[in-house]
Structures are given as structure tokens and as C-alpha cells.
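*Asks:* Sharing structure11.cif below, mmCIF, C-alpha atoms:
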data_model
loop_
_atom_site.label_atom_id
_atom_site.label_comp_id
_atom_site.auth_asym_id
_atom_site.auth_seq_id
_atom_site.Cartn_x
_atom_site.Cartn_y
_atom_site.Cartn_z
CA MET A 1 -4.75 2.84 35.83
CA LYS A 2 -7.10 3.76 33.01
CA HIS A 3 -8.87 1.13 30.93
CA ILE A 4 -9.40 2.13 27.30
CA PRO A 5 -11.48 -0.41 25.34
CA LEU A 6 -10.86 -0.93 21.64
CA PHE A 7 -14.51 -0.14 21.00
CA SER A 8 -17.48 1.18 22.94
CA ALA A 9 -21.08 1.68 21.81
CA GLN A 10 -22.68 5.00 22.67
CA ILE A 11 -26.00 4.11 24.31
CA GLY A 12 -28.57 6.58 25.62
CA GLU A 13 -32.25 7.23 26.08
CA GLU A 14 -33.07 7.00 22.36
CA GLU A 15 -32.01 3.33 22.23
CA GLN A 16 -34.33 2.53 25.13
CA LYS A 17 -37.17 4.50 23.54
CA GLN A 18 -36.83 2.63 20.24
CA ILE A 19 -36.65 -0.75 22.01
CA ASP A 20 -39.78 0.09 24.03
CA GLU A 21 -41.63 0.92 20.81
CA ALA A 22 -40.52 -2.39 19.32
CA ILE A 23 -41.80 -4.26 22.36
CA GLN A 24 -45.13 -2.49 21.94
CA GLY A 25 -45.42 -3.84 18.39
CA ALA A 26 -44.01 -1.14 16.10
CA ASP A 27 -42.50 -2.48 12.85
CA LYS A 28 -38.96 -1.37 13.53
CA GLU A 29 -37.41 -3.53 10.82
CA ALA A 30 -39.33 -1.69 8.09
CA GLU A 31 -38.63 1.66 9.76
CA LEU A 32 -34.91 0.89 9.85
CA GLU A 33 -34.89 -0.14 6.19
CA ASP A 34 -36.55 3.13 5.16
CA ALA A 35 -34.21 5.22 7.30
CA PHE A 36 -31.13 3.38 6.05
CA ALA A 37 -32.07 3.67 2.37
CA GLU A 38 -32.54 7.42 2.83
CA TYR A 39 -29.27 7.74 4.79
CA ILE A 40 -27.21 5.88 2.18
CA GLY A 41 -29.03 7.17 -0.89
CA THR A 42 -30.11 3.86 -2.38
CA ASP A 43 -33.37 2.45 -3.72
CA TYR A 44 -33.55 -0.69 -1.59
CA ALA A 45 -32.32 -1.67 1.88
CA ILE A 46 -32.90 -5.17 3.27
CA ALA A 47 -32.35 -5.65 7.01
CA THR A 48 -30.72 -8.90 8.16
CA SER A 49 -29.89 -10.56 11.44
CA ASN A 50 -26.18 -9.68 11.04
CA GLU A 51 -23.62 -8.74 8.39
CA THR A 52 -22.60 -12.34 7.67
CA ALA A 53 -26.27 -13.04 6.94
CA ALA A 54 -26.29 -10.05 4.57
CA LEU A 55 -23.28 -11.41 2.67
CA HIS A 56 -24.74 -14.92 2.56
CA LEU A 57 -28.07 -13.53 1.38
CA ALA A 58 -26.24 -11.60 -1.36
CA MET A 59 -24.56 -14.79 -2.56
CA THR A 60 -27.94 -16.50 -2.59
CA ALA A 61 -29.59 -13.60 -4.41
CA ILE A 62 -26.99 -13.67 -7.22
CA ASP A 63 -27.58 -17.44 -7.49
CA LEU A 64 -24.04 -18.52 -6.64
CA LYS A 65 -23.58 -22.18 -7.49
CA ARG A 66 -21.21 -25.05 -6.84
CA GLY A 67 -17.92 -24.51 -8.66
CA ASP A 68 -18.40 -20.76 -9.11
CA LYS A 69 -15.54 -18.47 -8.14
CA ILE A 70 -15.59 -15.21 -6.18
CA ILE A 71 -12.59 -12.88 -5.87
CA CYS A 72 -11.87 -11.39 -2.44
CA SER A 73 -9.01 -9.75 -0.60
CA VAL A 74 -6.83 -12.07 1.45
CA ASN A 75 -7.05 -9.35 4.12
CA ASP A 76 -10.62 -9.62 5.36
CA TYR A 77 -12.68 -11.21 8.10
CA PRO A 78 -13.28 -14.99 7.71
CA ASN A 79 -17.00 -14.55 7.08
CA VAL A 80 -16.24 -13.44 3.50
CA PRO A 81 -14.79 -16.70 2.11
CA GLU A 82 -17.07 -18.57 4.51
CA VAL A 83 -20.25 -17.43 2.73
CA VAL A 84 -18.68 -18.43 -0.59
CA ARG A 85 -17.71 -21.89 0.63
CA HIS A 86 -21.25 -22.58 1.87
CA PHE A 87 -22.21 -22.92 -1.81
CA ASP A 88 -19.21 -25.16 -2.51
CA ALA A 89 -17.90 -22.24 -4.54
CA GLU A 90 -14.27 -21.13 -4.47
CA PRO A 91 -12.87 -17.89 -3.02
CA ILE A 92 -9.99 -16.50 -5.10
CA PHE A 93 -7.71 -14.61 -2.73
CA VAL A 94 -5.89 -11.48 -3.89
CA ASP A 95 -2.96 -9.74 -2.19
CA ILE A 96 -3.26 -6.23 -0.77
CA ASN A 97 -2.27 -2.69 -1.51
CA GLU A 98 0.20 -1.91 1.27
CA ASP A 99 -0.82 1.75 1.46
CA ASP A 100 -4.48 1.28 2.41
CA PHE A 101 -4.62 -2.51 3.17
CA ASN A 102 -7.43 -2.93 0.63
CA ILE A 103 -7.35 -5.32 -2.33
CA ASP A 104 -4.54 -4.79 -4.84
CA LEU A 105 -6.46 -3.81 -7.96
CA ASP A 106 -3.44 -4.43 -10.22
CA THR A 107 -3.31 -8.04 -9.05
CA MET A 108 -7.07 -8.41 -9.31
CA GLU A 109 -7.01 -7.13 -12.90
CA ALA A 110 -4.15 -9.49 -13.76
CA ILE A 111 -6.10 -12.47 -12.38
CA LEU A 112 -9.16 -11.50 -14.42
CA SER A 113 -7.03 -11.02 -17.55
CA LYS A 114 -5.66 -14.54 -17.26
CA ASN A 115 -8.98 -16.12 -16.28
CA LYS A 116 -10.50 -18.45 -18.85
CA SER A 117 -13.23 -19.87 -16.63
CA LYS A 118 -16.85 -18.87 -17.09
CA LYS A 119 -17.35 -19.71 -13.43
CA LEU A 120 -15.70 -16.52 -12.12
CA LYS A 121 -18.87 -14.71 -11.16
CA GLY A 122 -17.85 -11.69 -9.13
CA ALA A 123 -15.90 -10.14 -6.28
CA ILE A 124 -16.52 -9.22 -2.66
CA ILE A 125 -14.59 -6.01 -2.00
CA ASN A 126 -13.95 -4.65 1.49
CA HIS A 127 -13.00 -1.17 2.69
CA VAL A 128 -10.49 -1.73 5.47
CA ALA A 129 -10.88 0.48 8.55
CA GLY A 130 -13.46 2.65 6.77
CA GLN A 131 -11.22 3.85 3.91
CA PRO A 132 -12.73 2.92 0.52
CA THR A 133 -10.69 1.26 -2.16
CA ASP A 134 -10.20 3.05 -5.49
CA LEU A 135 -13.79 2.58 -6.61
CA ASP A 136 -13.52 4.32 -9.98
CA ARG A 137 -10.87 1.81 -11.00
CA LEU A 138 -12.75 -1.10 -9.42
CA TYR A 139 -15.96 -0.35 -11.30
CA ASP A 140 -14.05 0.05 -14.56
CA ILE A 141 -12.44 -3.37 -14.02
CA ALA A 142 -15.79 -4.97 -13.16
CA ASN A 143 -17.46 -3.46 -16.22
CA HIS A 144 -14.62 -4.52 -18.53
CA PHE A 145 -14.65 -8.15 -17.36
CA GLY A 146 -18.39 -8.40 -16.76
CA ILE A 147 -18.29 -9.45 -13.09
CA LEU A 148 -20.61 -8.63 -10.21
CA ILE A 149 -19.37 -6.44 -7.34
CA ILE A 150 -20.57 -7.04 -3.79
CA GLU A 151 -19.06 -4.48 -1.43
CA ASN A 152 -18.36 -5.53 2.13
CA ALA A 153 -18.91 -2.26 4.00
CA ALA A 154 -18.82 -3.75 7.49
CA HIS A 155 -16.43 -0.98 8.58
CA ALA A 156 -17.65 1.64 6.10
CA MET A 157 -21.16 2.66 7.17
CA GLY A 158 -21.31 6.36 6.37
CA ALA A 159 -18.01 6.35 4.49
CA THR A 160 -17.91 8.34 1.26
CA TYR A 161 -16.10 8.18 -2.04
CA ASN A 162 -15.88 11.46 -3.96
CA GLY A 163 -18.65 12.79 -1.75
CA GLU A 164 -21.06 9.89 -2.33
CA LYS A 165 -21.82 7.32 0.36
CA ILE A 166 -20.65 3.75 0.01
CA GLY A 167 -23.75 1.80 -1.02
CA SER A 168 -25.00 4.58 -3.30
CA LEU A 169 -22.52 4.01 -6.12
CA LYS A 170 -22.13 1.21 -8.71
CA ALA A 171 -21.90 -1.97 -6.65
CA ASP A 172 -24.50 -4.60 -7.44
CA MET A 173 -25.08 -5.07 -3.70
CA THR A 174 -23.44 -3.71 -0.53
CA ALA A 175 -23.44 -5.37 2.89
CA PHE A 176 -23.22 -3.36 6.11
CA SER A 177 -22.84 -4.21 9.79
CA PHE A 178 -24.32 -2.50 12.83
CA ASN A 179 -21.78 -4.29 15.04
CA PRO A 180 -18.47 -4.47 13.14
CA HIS A 181 -16.51 -4.90 16.37
CA ARG A 182 -17.79 -8.41 16.84
CA TYR A 183 -16.54 -9.05 20.35
CA HIS A 184 -18.45 -6.09 21.78
CA ASN A 185 -21.97 -6.91 20.63
CA ILE A 186 -24.83 -5.05 22.26
CA ALA A 187 -27.28 -5.80 19.48
CA ASN A 188 -26.96 -7.58 16.16
CA GLY A 189 -27.85 -6.41 12.70
CA GLY A 190 -26.81 -6.22 9.09
CA MET A 191 -28.12 -4.44 6.03
CA LEU A 192 -27.97 -5.22 2.33
CA THR A 193 -28.47 -2.44 -0.21
CA THR A 194 -29.01 -2.43 -3.96
CA PHE A 195 -30.49 -0.43 -6.84
CA ASN A 196 -31.53 -3.64 -8.57
CA GLU A 197 -35.26 -4.37 -8.16
CA GLU A 198 -34.85 -8.06 -8.97
CA LEU A 199 -32.05 -8.54 -6.43
CA ASP A 200 -34.14 -6.71 -3.84
CA TYR A 201 -37.16 -8.95 -4.50
CA ARG A 202 -35.08 -12.11 -4.42
CA SER A 203 -33.28 -11.05 -1.23
CA ARG A 204 -36.53 -10.30 0.59
CA LEU A 205 -38.07 -13.57 -0.57
CA LEU A 206 -35.09 -15.69 0.49
CA ARG A 207 -34.63 -13.81 3.78
CA GLN A 208 -37.98 -15.17 4.95
CA ASN A 209 -37.70 -18.87 4.07
CA ALA A 210 -38.67 -18.14 0.42
CA MET A 211 -42.19 -18.11 1.77
CA ILE A 212 -45.14 -16.45 0.05
CA LYS A 213 -48.09 -15.64 2.29
CA LYS A 214 -51.47 -14.05 1.78
CA GLU A 215 -53.00 -11.40 4.02
CA TRP A 216 -56.32 -11.67 5.80
CA ASP A 217 -59.03 -9.54 4.24
CA ASP A 218 -62.78 -8.99 4.32
CA GLN A 219 -63.24 -11.09 1.18
CA GLY A 220 -62.36 -14.24 3.08
CA THR A 221 -58.66 -14.63 2.18
CA LEU A 222 -56.97 -16.89 4.71
CA GLY A 223 -53.87 -15.25 6.13
CA TYR A 224 -52.42 -18.49 7.43
CA VAL A 225 -52.02 -20.03 3.97
CA TYR A 226 -48.46 -19.98 2.66
CA ASP A 227 -46.26 -21.55 0.03
CA VAL A 228 -42.48 -22.01 -0.30
CA VAL A 229 -41.04 -21.34 -3.77
CA ASP A 230 -37.27 -21.79 -3.26
CA ILE A 231 -34.69 -22.89 -0.70
CA GLY A 232 -34.76 -19.94 1.65
CA LEU A 233 -33.06 -18.68 4.78
CA GLU A 234 -34.23 -17.12 8.01
CA TYR A 235 -32.32 -13.86 8.32
CA GLU A 236 -34.85 -11.27 9.45
CA GLN A 237 -33.68 -8.68 11.94
CA SER A 238 -35.61 -8.70 15.21
CA GLY A 239 -37.68 -5.69 16.17
CA ILE A 240 -35.59 -5.08 19.29
CA ASP A 241 -32.34 -5.18 17.31
CA ALA A 242 -33.84 -2.92 14.64
CA GLY A 243 -35.02 -0.43 17.25
CA PHE A 244 -31.57 -0.28 18.80
CA ASN A 245 -29.99 0.11 15.37
CA ILE A 246 -32.31 2.97 14.41
CA ALA A 247 -30.98 4.92 17.37
CA GLN A 248 -27.39 3.97 16.49
CA LEU A 249 -27.87 5.05 12.86
CA GLN A 250 -29.04 8.48 14.01
CA LYS A 251 -25.64 8.94 15.73
CA ASN A 252 -23.47 7.56 12.96
CA ASP A 253 -22.30 10.83 11.38
CA GLU A 254 -21.59 12.31 14.81
CA ARG A 255 -19.49 9.27 15.71
CA ILE A 256 -17.58 9.48 12.43
CA ALA A 257 -16.82 13.15 13.10
CA ARG A 258 -15.47 12.34 16.56
CA ARG A 259 -13.33 9.48 15.23
CA LYS A 260 -11.86 11.86 12.66
CA GLU A 261 -11.01 14.30 15.44
CA ILE A 262 -9.26 11.54 17.37
CA ALA A 263 -7.44 10.36 14.25
CA ALA A 264 -6.15 13.90 13.66
CA ILE A 265 -4.79 13.99 17.22
CA TYR A 266 -3.12 10.60 16.76
CA HIS A 267 -1.54 11.71 13.49
CA LYS A 268 -0.20 14.90 15.07
CA GLU A 269 1.02 13.49 18.36
CA LEU A 270 2.37 10.13 17.16
CA ALA A 271 4.16 11.50 14.10
CA ASN A 272 7.86 10.62 14.19
CA THR A 273 7.40 8.24 17.13
CA PRO A 274 10.14 5.62 16.80
CA HIS A 275 9.11 2.17 15.54
CA ILE A 276 5.58 3.42 14.65
CA THR A 277 4.08 3.91 11.18
CA LEU A 278 0.73 5.68 11.00
CA PRO A 279 -2.05 4.87 8.51
CA LYS A 280 -2.07 6.65 5.16
CA GLU A 281 -5.16 8.66 4.30
CA LEU A 282 -5.51 8.22 0.54
CA ARG A 283 -9.25 8.88 0.33
CA ASP A 284 -12.01 9.89 2.72
CA HIS A 285 -11.29 7.84 5.84
CA THR A 286 -13.92 7.29 8.55
CA TYR A 287 -11.45 5.55 10.89
CA SER A 288 -13.70 2.75 12.01
CA LEU A 289 -10.28 1.37 12.94
CA PHE A 290 -6.96 3.13 13.48
CA ILE A 291 -4.33 0.68 12.32
CA ILE A 292 -0.69 1.43 13.07
CA LYS A 293 2.40 -0.60 12.24
CA ILE A 294 5.07 -1.65 14.74
CA ASP A 295 8.39 -2.26 13.03
CA LYS A 296 9.60 -4.95 15.44
CA ASN A 297 8.00 -7.46 17.78
CA ARG A 298 4.42 -6.25 17.50
CA ASP A 299 3.14 -8.89 19.94
CA SER A 300 5.32 -7.76 22.85
CA PHE A 301 4.24 -4.17 22.13
CA ALA A 302 0.61 -5.26 22.31
CA ARG A 303 1.17 -7.12 25.57
CA GLU A 304 2.76 -4.05 27.12
CA LEU A 305 -0.16 -1.83 26.10
CA TYR A 306 -2.58 -4.40 27.51
CA LYS A 307 -0.74 -4.25 30.86
CA ARG A 308 -1.30 -0.50 30.80
CA GLY A 309 -5.06 -0.88 30.27
CA ILE A 310 -5.21 -0.31 26.53
CA GLU A 311 -7.07 -2.85 24.39
CA VAL A 312 -5.68 -3.43 20.91
CA GLY A 313 -6.80 -5.53 17.95
CA LEU A 314 -5.53 -7.25 14.81
CA HIS A 315 -7.30 -6.55 11.50
CA TYR A 316 -6.70 -9.06 10.05
CA ILE A 317 -4.92 -12.39 10.05
CA PRO A 318 -4.56 -13.08 6.31
CA LEU A 319 -7.04 -15.69 5.20
CA HIS A 320 -4.40 -17.95 3.63
CA LEU A 321 -2.82 -18.43 7.07
CA LEU A 322 -6.03 -19.88 8.54
CA SER A 323 -5.98 -23.65 8.81
CA TYR A 324 -9.08 -24.41 6.77
CA TYR A 325 -8.11 -22.36 3.71
CA LYS A 326 -4.43 -23.23 3.94
CA GLN A 327 -5.26 -26.94 3.85
CA LYS A 328 -8.21 -26.77 1.45
CA TYR A 329 -6.30 -24.92 -1.28
CA SER A 330 -2.70 -25.97 -0.41
CA LEU A 331 -1.71 -22.37 0.23
CA ARG A 332 1.80 -21.42 1.31
CA VAL A 333 2.76 -18.75 3.83
CA ASN A 334 4.54 -16.66 1.19
CA ASP A 335 1.80 -16.84 -1.45
CA TYR A 336 0.60 -13.34 -0.48
CA PRO A 337 3.79 -11.51 0.54
CA LYS A 338 2.35 -8.02 0.99
CA ALA A 339 -0.46 -9.24 3.24
CA LEU A 340 2.07 -11.32 5.18
CA ARG A 341 4.39 -8.35 5.79
CA ASN A 342 1.44 -6.23 6.78
CA PHE A 343 0.11 -8.86 9.19
CA GLN A 344 3.44 -9.11 10.98
CA GLN A 345 3.35 -5.42 11.93
CA ILE A 346 -0.22 -4.12 12.15
CA MET A 347 -2.10 -3.33 15.35
CA SER A 348 -5.41 -1.51 15.85
CA ILE A 349 -5.53 0.99 18.71
CA PRO A 350 -8.68 2.40 20.36
CA ILE A 351 -10.72 4.92 18.40
CA HIS A 352 -14.37 5.50 19.23
CA ALA A 353 -16.70 8.36 20.11
CA ASP A 354 -16.80 7.48 23.82
CA MET A 355 -13.12 8.42 24.16
CA SER A 356 -12.42 11.73 25.87
CA ASP A 357 -9.41 13.85 24.99
CA ASP A 358 -7.84 12.59 28.22
CA ASP A 359 -8.36 9.01 27.05
CA VAL A 360 -6.75 9.81 23.71
CA GLY A 361 -3.85 11.50 25.50
CA TYR A 362 -3.35 8.46 27.70
CA VAL A 363 -3.18 6.13 24.67
CA ILE A 364 -0.64 8.44 23.02
CA GLU A 365 1.45 8.71 26.18
CA GLN A 366 1.57 4.95 26.68
CA ILE A 367 2.41 4.23 23.03
CA LYS A 368 5.26 6.74 23.16
CA GLU A 369 6.59 5.26 26.40
CA VAL A 370 6.52 1.71 25.06
CA ALA A 371 8.04 2.82 21.75
CA GLN A 372 10.91 4.62 23.50
CA SER A 373 11.76 1.43 25.37
CA ARG A 374 12.27 -0.53 22.15
CA VAL A 375 15.82 -1.31 21.07
#
Could you quickly redo this structure as C-alpha cells?

*Replies:*
Amino acid sequence: MKHIPLFSAQIGEEEQKQIDEAIQGADKEAELEDAFAEYIGTDYAIATSNETAALHLAMTAIDLKRGDKIICSVNDYPNVPEVVRHFDAEPIFVDINEDDFNIDLDTMEAILSKNKSKKLKGAIINHVAGQPTDLDRLYDIANHFGILIIENAAHAMGATYNGEKIGSLKADMTAFSFNPHRYHNIANGGMLTTFNEELDYRSRLLRQNAMIKKEWDDQGTLGYVYDVVDIGLEYEQSGIDAGFNIAQLQKNDERIARRKEIAAIYHKELANTPHITLPKELRDHTYSLFIIKIDKNRDSFARELYKRGIEVGLHYIPLHLLSYYKQKYSLRVNDYPKALRNFQQIMSIPIHADMSDDDVGYVIEQIKEVAQSRV
């Protein structure tokens, strides 16, 4: 029986070469930042230890304070409201658009229209599975209401909107992940991008304990003298991680192209399969995830695929169903009906560049067999 993992990193000689250079003392963090800024098309790129650190650093850089409010989709990974709560600020959950699983911009605009609080500071906006939300509309809303936009591009590295890469558009800051499939970590790493010089300076300062140091020189300056000017963090990316991520970044477009090939095969071969709904491609979709819907008893379907060697995932459990947020804000199951309906049916199936056509065919064959057995 085949075993098809949900995700697999493509690792070769270049990763080892970059790691060896890091071990020998090369500044791989700076090299990665330069390469990433050029790849995305942004002025500043700040490497972090992981994507959660990038989001937390962004909240720190915008000076989020106790009692502030940040809008976010109810359909995102728990690290999003988590970084907001660390400031004793409040995440404002918004229901989803059922076509692309991203934030419902109509609902977001309605919330902002009714808002009378000066504490609503901004929004963290994700791009589920690598398909951007309607960014033209989002930026118009943000500009009209005067809020900051932090894009959570954990699954959207290399994704484009109208031909421009996510991170090169109008967000105040954008957070990326080098390991979005968190249970398959080989190396860690996040990245924070911005065009704002002040946010870049503040992010770099806070990333390194808000510490200011001098450099040794021939005039007698003591390089071990330092000062701390704020409450900082310690979120630098290690040289070994950065080396690995440089090699991974070089492959990113190739991996996106292969995922798109696989997605096209899935769309063709699984079309009209009973009980299965395929994802809608509304905008450029990089298919970091391929999320299907099962119209009845999704969990038994998942168990059957697992028995046949196919790993599946769930992206995501709506945040209002998680115990902490449900209890903290007295949220009810039906408060976000579209996200709830979506959650009850969605399932992510394998899609990654290590999959051969035979692997893809096996996944399709098994899904069809299980689907045909449904009553």
C-alpha cells in the first residue's frame, strides 16, 4: 500500500551546501533577507525564528496596546488571535466567504461601519490555501476606515494578485512562513516584509531584545557595550535555518508550478465525483493546500483514506469553537454560521511537489472508491 503524506519538503544538495556555509560563519540571515526582498519585490524583509514570531513582532512594531482591537477571520490558525491576546488586546472574529474560505469582506466592512471605538487598530488578513482575498476591495476598506493591514501569508509565499506578489502590494506589513505545514518541520523560519522604513527599524530593533550595540573599531570603540531602549523580543532566525530556507526559497516557484499541475489533474479527474465539492479558483491560486468538501460524514471519509495510506488535514477548526476563545468571549457555536458549515465538510488532501503522477493517480483512485461507497 502506498503512503502519501499531506506534505513533504524537497531537500537536496543545495540545502546541505547552504547549511555548511552557515556553519562556517556566513551571515545567512542577512543573505536570506536580501534574497527574499528581491523575490517578493519589497523594500524591507526581516527574518524571524518562525511565522508566529513574525506576527507577534508585527503587533509589537505597530505598538499594539491593552484594550486595542484587531479584526481577523474566524477561519485561521490559532497563532493569529494568540499574538493579539499576548498584548491583552481583543481579536474581532469575522465570518468567511464560502467560495474561497477567506474573510467575508462584506461582514468586515459592516463591523467597521458600526464601530465607534478608537481602539480598533487594524486587521490580520489571511489567504487560505494560497488563494488571495479580494485585495483591491480590502485595501479600499482599510483606507476608508483608516486601519492597518497585516497580511498573514503563511500559505501564500509566491502567490500573486493581479500579477504582483503578495507582500509587494499595499499591506502595512506581511508575515510569511517557511514551514506552513507545522507538523512536518525540517527547519523553522518566518519573514516579515514592509515598505515602511519606521516599521522596519522598529521590527529589527525589537527582534534583538531592543538592544543597541556599538562595533569595535580602531578608534577604541568597545564592541561589548550595549544598551536596551525598549521591551524587546528574541526572534532572530538561526544561520542554519536561514541557510536551509535560502535553498527552499530558490525552489519556491518550481514547487508552485508543480502544485498547480497537480491541482489541474485533481480538478479534471475528481469533477462530478459524488459527495465531493472541489475548491473554487477565483483568483491566482498557488494551492499550498487543496481543500475539498465532503457532503456527509467527513470524519469517516478521512479515516478511510488514512487506512489506505493517504494523509489528510483540516484547515481550519473555526477559532470560536476553540475552548479558550469560546469561554473568554462567550461565543456560541452558531455565531459564525458560514465558517461552521465549512468546517463540517472541509478536508485537505495531499498536494506537494514530491508527488509523482502515480501518487496523484492513487489519491484520485482512492477518493473515488471511498466516495462511491457512500450512501

*Asks:* Tell me which of A:Lys69, A:His127, A:Arg207, A:His285 sits closest to Phe93 (chain A), counting only C-alpha atoms.

*Replies:*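 Looking only at the distances to Phe93 (chain A), the closest residue turns out to be A:Lys69.
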
*Asks:* Determine the residue set returned by the PyMOL selection byres ((chain A and resi 27) around 12) for the present structure, and present it as JSON, numbers by chain.

*Replies:* {"A": [18, 19, 20, 21, 22, 23, 24, 25, 26, 28, 29, 30, 31, 32, 33, 34, 237, 238, 239, 240, 241, 242, 243, 246]}

*Asks:* How far is it from CA of Ala54 (chain A) to CA of Val128 (chain A), in Å with one decimal?

*Replies:*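 Pair CA of Ala54 (chain A) / CA of Val128 (chain A) returns 17.9 Å.
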
*Asks:* Between A:Asn196, A:Ser8, A:Asn102, A:Gln345, which has the minimum distance to Asp299 (chain A) (counting all atoms listed in the file)?

*Replies:*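 Of A:Asn196, A:Ser8, A:Asn102, A:Gln345, the one nearest Asp299 (chain A) is A:Gln345, counting all atoms listed in the file.
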
*Asks:* Taking the file as shown, find all residues satisfying the PyMOL selection byres ((chain A and resi 71) around 8) and write them as a list of chain:residue names.

*Replies:*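 Those residues are A:Lys69, A:Ile70, A:Cys72, A:Ser73, A:Pro91, A:Ile92, A:Phe93, A:Val94, A:Met108, A:Leu120, A:Gly122, A:Ala123, A:Ile124.
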
*Asks:* Selection from above, C-alpha atoms, as a compact mmCIF listing (two decimals), in the coordinates of the input, can you write it?

*Replies:*
# COMPACT_ATOMS: atom_id res chain seq x y z
CA LYS A 69 -15.54 -18.47 -8.14
CA ILE A 70 -15.59 -15.21 -6.18
CA CYS A 72 -11.87 -11.39 -2.44
CA SER A 73 -9.01 -9.75 -0.60
CA PRO A 91 -12.87 -17.89 -3.02
CA ILE A 92 -9.99 -16.50 -5.10
CA PHE A 93 -7.71 -14.61 -2.73
CA VAL A 94 -5.89 -11.48 -3.89
CA MET A 108 -7.07 -8.41 -9.31
CA LEU A 120 -15.70 -16.52 -12.12
CA GLY A 122 -17.85 -11.69 -9.13
CA ALA A 123 -15.90 -10.14 -6.28
CA ILE A 124 -16.52 -9.22 -2.66

*Asks:* Show which residues sit within 8 Å of Ala353 (chain A), as a list in words. Count all atoms listed in the file, and ignore same-chain residues fewer than 5 positions away.

*Replies:*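 After dropping sequence-adjacent residues, the list is Ser8, Gln10, Arg255, Ile256, Arg258 and Arg259 of chain A.
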
*Asks:* Would you put the residues from that selection into a file with C-alpha atoms, as an mmCIF file, in the frame of the given file?

*Replies:*
data_model
loop_
_atom_site.group_PDB
_atom_site.id
_atom_site.type_symbol
_atom_site.label_atom_id
_atom_site.label_comp_id
_atom_site.auth_asym_id
_atom_site.auth_seq_id
_atom_site.Cartn_x
_atom_site.Cartn_y
_atom_site.Cartn_z
ATOM 1 C CA SER A 8 -17.480 1.180 22.940
ATOM 2 C CA GLN A 10 -22.680 5.000 22.670
ATOM 3 C CA ARG A 255 -19.490 9.270 15.710
ATOM 4 C CA ILE A 256 -17.580 9.480 12.430
ATOM 5 C CA ARG A 258 -15.470 12.340 16.560
ATOM 6 C CA ARG A 259 -13.330 9.480 15.230
#

*Asks:* For CA of Val74 (chain A) and CA of Leu105 (chain A), quote the distance in Å rounded to one decimal.

*Replies:*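 These atoms are spaced 12.5 Å apart.
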
*Asks:* Any idea what the distance is between CA of Gly167 (chain A) and CA of Glu236 (chain A)?

*Replies:*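 Computing the Euclidean distance for CA of Gly167 (chain A) and CA of Glu236 (chain A) yields 20.1 Å.
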
*Asks:* For Thr48 (chain A), which residue among A:His320, A:Lys213, A:His3, A:Arg204 is the nearest when counting all atoms listed in the file?

*Replies:*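 For Thr48 (chain A), the nearest of the given residues is A:Arg204.
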